[in-house]
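J.: Before I ask anything, here is the structure I am working with.
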Amino acid sequence: MFVIGTIVPILLLIIKIRNMSKLNGKVAVVTGGNSGIGYASAKEFKNQGANVIITGRDSGRVQSAAKKLGVRGIVADVQSLEAIENLVVKIKNELGKIDILFVNAGIFKPAPVGQISEEVFDHQMGINFKGAVFTTEIFLPILNEGASIINLSSINAYTGMPNTAVYSASKAALNSYTRTAAIELAPRKIRINSVNPGPVSTPIFEKTGMEEEQLNGFAEAIQDRIPLKRFGQPDEIAKLVSFLASDDASFITGGEYNIDGGINVNPLLG
């Protein structure tokens with residue numbers, strides 16, 4: 001005869017197993033999956049039962065991350081349409097169609113208005129917007145009906161944070177594309193949504209070229225503006241991404257979801 005003390009742990013175990021298998025049988029691709037939010041999301045996808053492929057530009061980093069995660073890693077630079085096309089051919093030949101596409105690859109290069117170079121503009125727009133759009137466009141033929149696309153955007157799409165004019169514009173453009181794509185992909189039951197993180201502890205800031213002292217000052221200034229008084233963690237963003245990838249979000253498309261510790265209701269920087 002069962003008693004309450006025995007039933008409760010069994011129920012908790014059943015719930016845990018169910019949550020760990022929400023993506024069973026699904027194939028997921030994560031661009032820029034070798035670090036930060038992409039890495040955390042690939043890990044979460046795998047933990048929930050998905051067959052995961054990560055991509056990135058750096059062969060060593062991609063293969064190292066893939067080995068740690070126990071997933072397939074393929075080198076592909078989203079700046080190159082040919083590289084994306086080759087990536088899709090490889091995935092199609094190996095796995096057929098896919099169910100989840102997390103368009104995560106992106107860069108952040110700060111530059112003040114008046115000092116924005118063509119190189120800075122082309123690099124950020126080339127990866128954050130053009131690369132994201134054509135990742136979706138080229139993957140569409142191998143997306144299953146009912147697939148989920150998640151675009152990694154940013155709350156910067158809505159803020160006037162100094163030195164981020166081009167980065168912010170690239171993310172605003174991506175959100176606009178997402179809204180329109182949601183309408184046009186609905187007949188295939190393909191859902192597409194944007195996730196807008198606030199400040200998150202990832203290597204993206206270290207790649208800006210800023211000195212450590214500048215980075216620390218930048219981080220302190222931002223953290224003071226966050227109502228929850230801390231940066232987010234990649235695994236927290238990954239939880240939202242995995243929800244949008246799952247059937248639990250089957251009635252959600254064309255949405256933009258802020259995950260920012262409340263900073264979007266506060267001025268970012270003075």
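Chain labels A, B, ... are given in the sequence in which chains occur in the structure tokens; within each chain residues are numbered consecutively from 1, and ligands are likewise numbered from 1 in the order shown.
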Give me, as a list in words, all polymer residues having an atom no more than 10 Å from Pro197 in chain A, counting only C-alpha atoms and skipping those fewer than 2 positions away in the same chain.
T.: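 Everything that qualifies: Ile37, Leu152, Ser153, Ser154, Ile155, Asn156, Ser194, Val195, Pro199, Val200, Gly232, Pro234, Glu236, Ile237, Tyr257, Asn258, Ile259, Asp260, Gly261, Ile263 and Asn264 of chain A.
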J.: Using N, CA and C atoms, can you export the residues from the last selection as a compact mmCIF listing (two decimals), in the first residue's frame?
T.:
```txt
# COMPACT_ATOMS: atom_id res chain seq x y z
N ILE A 37 24.95 31.67 -25.00
CA ILE A 37 23.54 31.27 -25.04
C ILE A 37 23.34 30.09 -25.99
N LEU A 152 17.58 34.80 -31.97
CA LEU A 152 18.14 35.51 -30.82
C LEU A 152 18.30 36.98 -31.17
N SER A 153 17.47 37.80 -30.56
CA SER A 153 17.53 39.24 -30.78
C SER A 153 18.10 39.89 -29.53
N SER A 154 17.59 41.03 -29.13
CA SER A 154 18.11 41.75 -27.96
C SER A 154 17.15 42.85 -27.59
N ILE A 155 17.11 43.20 -26.31
CA ILE A 155 16.30 44.35 -25.90
C ILE A 155 16.87 45.64 -26.48
N ASN A 156 18.10 45.60 -26.98
CA ASN A 156 18.68 46.78 -27.63
C ASN A 156 17.87 47.20 -28.86
N SER A 194 11.03 35.65 -31.56
CA SER A 194 12.29 36.29 -31.15
C SER A 194 12.43 36.27 -29.64
N VAL A 195 13.65 36.05 -29.19
CA VAL A 195 13.98 36.17 -27.77
C VAL A 195 14.88 37.38 -27.61
N PRO A 199 21.17 42.13 -20.45
CA PRO A 199 22.57 41.81 -20.19
C PRO A 199 22.73 40.38 -19.66
N VAL A 200 23.54 39.61 -20.35
CA VAL A 200 23.78 38.21 -19.99
C VAL A 200 25.28 37.97 -19.92
N GLY A 232 21.94 38.24 -16.37
CA GLY A 232 21.34 36.92 -16.57
C GLY A 232 22.41 35.89 -16.87
N PRO A 234 23.38 32.33 -19.20
CA PRO A 234 22.98 31.68 -20.45
C PRO A 234 21.94 30.58 -20.28
N GLU A 236 19.55 30.46 -18.22
CA GLU A 236 18.22 31.05 -18.00
C GLU A 236 17.57 31.40 -19.35
N ILE A 237 18.38 31.90 -20.27
CA ILE A 237 17.86 32.20 -21.61
C ILE A 237 17.51 30.89 -22.31
N TYR A 257 10.00 38.07 -26.91
CA TYR A 257 9.98 37.81 -25.48
C TYR A 257 11.21 38.39 -24.80
N ASN A 258 10.98 39.42 -23.97
CA ASN A 258 12.07 40.02 -23.21
C ASN A 258 12.42 39.13 -22.02
N ILE A 259 13.70 38.93 -21.81
CA ILE A 259 14.19 38.18 -20.65
C ILE A 259 15.40 38.94 -20.16
N ASP A 260 15.14 39.93 -19.27
CA ASP A 260 16.12 40.98 -19.04
C ASP A 260 16.25 41.48 -17.60
N GLY A 261 15.68 40.75 -16.67
CA GLY A 261 15.77 41.19 -15.27
C GLY A 261 15.02 42.47 -14.99
N ILE A 263 15.17 45.24 -16.94
CA ILE A 263 15.88 46.44 -17.37
C ILE A 263 15.15 47.23 -18.44
N ASN A 264 14.29 46.57 -19.19
CA ASN A 264 13.59 47.27 -20.27
C ASN A 264 12.57 48.28 -19.75
```
J.: With distances taken over only C-alpha atoms, which of A:Ala245, A:Ile84, A:Ile142, A:Val75 is nearest to Lys26 in chain A?
T.: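 Looking only at the distances to Lys26 in chain A, the closest residue turns out to be A:Ala245.
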J.: Determine, counting only C-alpha atoms, which protein, DNA and RNA residues have an atom within 8 Å of an atom of Ala65 in chain A; residues of the same chain fewer than 6 positions away are not included. Present the result as number ranges by chain.
T.: A: 33-35, 39, 73
J.: With a distance cut-off of 6 Å and only C-alpha atoms, select the neighbouring residues of Thr31 in chain A, excluding the residue or stretch itself and same-chain residues fewer than 3 positions from it, and output the selection as an MDAnalysis selection string.
T.: chainID A and resid 54:55 103:105
J.: Let's have the selection written as a PDB file, in the first residue's frame, with all heavy atoms.
T.:
```pdb
ATOM      1  N   ILE A  54      25.356  21.654 -33.570  1.00  0.00           N
ATOM      2  CA  ILE A  54      25.772  23.033 -33.354  1.00  0.00           C
ATOM      3  C   ILE A  54      26.686  23.463 -34.500  1.00  0.00           C
ATOM      4  O   ILE A  54      27.363  22.645 -35.110  1.00  0.00           O
ATOM      5  CB  ILE A  54      26.494  23.236 -32.006  1.00  0.00           C
ATOM      6  CG1 ILE A  54      27.818  22.452 -31.954  1.00  0.00           C
ATOM      7  CG2 ILE A  54      25.586  22.871 -30.852  1.00  0.00           C
ATOM      8  CD1 ILE A  54      28.697  22.826 -30.774  1.00  0.00           C
ATOM      9  N   THR A  55      26.675  24.761 -34.796  1.00  0.00           N
ATOM     10  CA  THR A  55      27.544  25.293 -35.830  1.00  0.00           C
ATOM     11  C   THR A  55      28.295  26.509 -35.292  1.00  0.00           C
ATOM     12  O   THR A  55      27.909  27.099 -34.274  1.00  0.00           O
ATOM     13  CB  THR A  55      26.757  25.724 -37.077  1.00  0.00           C
ATOM     14  OG1 THR A  55      26.097  26.975 -36.830  1.00  0.00           O
ATOM     15  CG2 THR A  55      25.736  24.684 -37.477  1.00  0.00           C
ATOM     16  N   VAL A 103      18.404  30.368 -34.395  1.00  0.00           N
ATOM     17  CA  VAL A 103      19.274  31.297 -35.129  1.00  0.00           C
ATOM     18  C   VAL A 103      19.920  32.211 -34.090  1.00  0.00           C
ATOM     19  O   VAL A 103      19.396  33.279 -33.754  1.00  0.00           O
ATOM     20  CB  VAL A 103      18.470  32.094 -36.178  1.00  0.00           C
ATOM     21  CG1 VAL A 103      19.405  32.972 -37.004  1.00  0.00           C
ATOM     22  CG2 VAL A 103      17.700  31.145 -37.084  1.00  0.00           C
ATOM     23  N   ASN A 104      21.044  31.774 -33.595  1.00  0.00           N
ATOM     24  CA  ASN A 104      21.675  32.388 -32.431  1.00  0.00           C
ATOM     25  C   ASN A 104      22.941  33.172 -32.752  1.00  0.00           C
ATOM     26  O   ASN A 104      23.293  34.103 -32.040  1.00  0.00           O
ATOM     27  CB  ASN A 104      21.998  31.281 -31.415  1.00  0.00           C
ATOM     28  CG  ASN A 104      22.973  31.729 -30.348  1.00  0.00           C
ATOM     29  OD1 ASN A 104      22.604  32.418 -29.401  1.00  0.00           O
ATOM     30  ND2 ASN A 104      24.237  31.337 -30.496  1.00  0.00           N
ATOM     31  N   ALA A 105      23.627  32.828 -33.825  1.00  0.00           N
ATOM     32  CA  ALA A 105      24.919  33.454 -34.122  1.00  0.00           C
ATOM     33  C   ALA A 105      24.788  34.971 -34.219  1.00  0.00           C
ATOM     34  O   ALA A 105      23.894  35.483 -34.896  1.00  0.00           O
ATOM     35  CB  ALA A 105      25.485  32.895 -35.428  1.00  0.00           C
TER      36      ALA A 105
END
```
J.: Between CA of Tyr177 in chain A and CA of Pro141 in chain A, what is the spacing in Å?
T.: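 Straight-line distance from CA of Pro141 in chain A to CA of Tyr177 in chain A works out to 18.1 Å.
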J.: Let's see if you can do this: from backbone DSSP, list all helix (DSSP H, G or I) residues in range 61-242 of chain A, as a VMD selection string.
T.: chain A and resid 61 to 69 81 to 95 118 to 142 155 to 157 165 to 188 206 to 208 212 to 225 234 to 242
J.: Neighbouring residues of Asn128 in chain A were defined as those with any atom within 12 Å, considering only C-alpha atoms; residues of the same chain fewer than 5 positions away were excluded. Please report them as number ranges by chain.
T.: A: 31-32, 77-79, 103-109, 120-123, 133-135, 151-154, 157, 166-175
J.: So how many Å separate CA of Met125 in chain A and CA of Ile91 in chain A, to one decimal?
T.: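 Distance between the two atoms: 25.8 Å.
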J.: Could you check the closest approach to Ala111 in chain A for each of A:Gly146, A:Pro162, A:Gly70, A:Gly126 and tell me which residue wins, using only C-alpha atoms?
T.: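 Residue with the minimum atom-to-atom distance to Ala111 in chain A: A:Pro162.
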J.: Between A:Ser242, A:Thr164, A:Gln63, A:Asn86, which one has atoms that come closest to Lys43 in chain A, using only C-alpha atoms?
T.: A:Ser242
J.: Work out how far apart CA of Arg230 in chain A and CA of Gly160 in chain A are and give it in Å to one decimal.
T.: 20.5 Å
J.: Gly25 in chain A: which residues within 9 Å, counting only C-alpha atoms, same-chain residues fewer than 3 positions away excluded, as a list in words?
T.: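 Counting only the stated atoms, we get Ser21, Gly49, Ala50 and Asn51 of chain A.
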J.: Could those residues be written to a file, using N, CA and C atoms, as an mmCIF file, in the first residue's frame?
T.:
```cif
data_model
loop_
_atom_site.group_PDB
_atom_site.id
_atom_site.type_symbol
_atom_site.label_atom_id
_atom_site.label_comp_id
_atom_site.auth_asym_id
_atom_site.auth_seq_id
_atom_site.Cartn_x
_atom_site.Cartn_y
_atom_site.Cartn_z
ATOM 1 N N SER A 21 12.022 15.032 -21.435
ATOM 2 C CA SER A 21 11.784 14.367 -22.714
ATOM 3 C C SER A 21 10.848 15.159 -23.625
ATOM 4 N N GLY A 49 16.033 15.695 -24.791
ATOM 5 C CA GLY A 49 15.856 14.554 -25.688
ATOM 6 C C GLY A 49 16.085 14.803 -27.161
ATOM 7 N N ALA A 50 16.445 16.032 -27.551
ATOM 8 C CA ALA A 50 16.625 16.329 -28.970
ATOM 9 C C ALA A 50 17.960 15.810 -29.496
ATOM 10 N N ASN A 51 17.984 15.562 -30.791
ATOM 11 C CA ASN A 51 19.220 15.262 -31.518
ATOM 12 C C ASN A 51 19.753 16.615 -31.992
#
```
J.: Find the residue from A:Ile183, A:Ala132, A:Val113, A:Ile53 that sits nearest to Glu94 in chain A; use only C-alpha atoms when measuring.
T.: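 Of the candidates, the smallest distance to Glu94 in chain A is held by A:Ile53.
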J.: What parts of range 56-232 of chain A does DSSP call strand (DSSP E or B)? I'd like the answer as number ranges by chain.
T.: A: 56, 72-75, 98-103, 111, 143-152, 164, 191-197, 200, 232
J.: Could you turn the residues from that selection into a file that holds C-alpha atoms, as a tab-separated table (two decimals), in the first residue's frame?
T.:
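What landed in part16.tsv:
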```tsv
chain	number	residue	atom	x	y	z
A	56	GLY	CA	30.13	28.05	-35.63
A	72	ARG	CA	27.34	16.91	-33.76
A	73	GLY	CA	29.43	19.99	-34.64
A	74	ILE	CA	29.67	21.45	-38.15
A	75	VAL	CA	31.78	24.46	-39.11
A	98	ILE	CA	14.77	19.22	-38.80
A	99	ASP	CA	12.26	20.43	-36.22
A	100	ILE	CA	14.05	23.25	-34.39
A	101	LEU	CA	16.24	26.05	-35.75
A	102	PHE	CA	17.80	28.37	-33.19
A	103	VAL	CA	19.27	31.30	-35.13
A	111	ALA	CA	30.78	52.32	-32.00
A	143	LEU	CA	12.09	22.28	-41.91
A	144	ASN	CA	9.30	19.89	-41.00
A	145	GLU	CA	5.71	21.08	-40.89
A	146	GLY	CA	5.15	22.40	-37.38
A	147	ALA	CA	8.81	23.25	-36.87
A	148	SER	CA	9.95	26.04	-34.56
A	149	ILE	CA	12.39	28.83	-35.43
A	150	ILE	CA	13.79	30.97	-32.62
A	151	ASN	CA	15.76	34.11	-33.41
A	152	LEU	CA	18.14	35.51	-30.82
A	164	THR	CA	25.03	50.42	-30.06
A	191	ARG	CA	6.32	29.00	-35.72
A	192	ILE	CA	8.94	31.76	-35.52
A	193	ASN	CA	9.64	33.91	-32.47
A	194	SER	CA	12.29	36.29	-31.15
A	195	VAL	CA	13.98	36.17	-27.77
A	196	ASN	CA	15.23	39.53	-26.51
A	197	PRO	CA	17.78	39.03	-23.72
A	200	VAL	CA	23.78	38.21	-19.99
A	232	GLY	CA	21.34	36.92	-16.57
```
J.: Nearest to Phe243 in chain A: which of A:Lys130, A:Lys22, A:Arg57, A:Lys189 is it, counting only C-alpha atoms?
T.: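 Comparing A:Lys130, A:Lys22, A:Arg57, A:Lys189 against Phe243 in chain A, the winner is A:Lys22.
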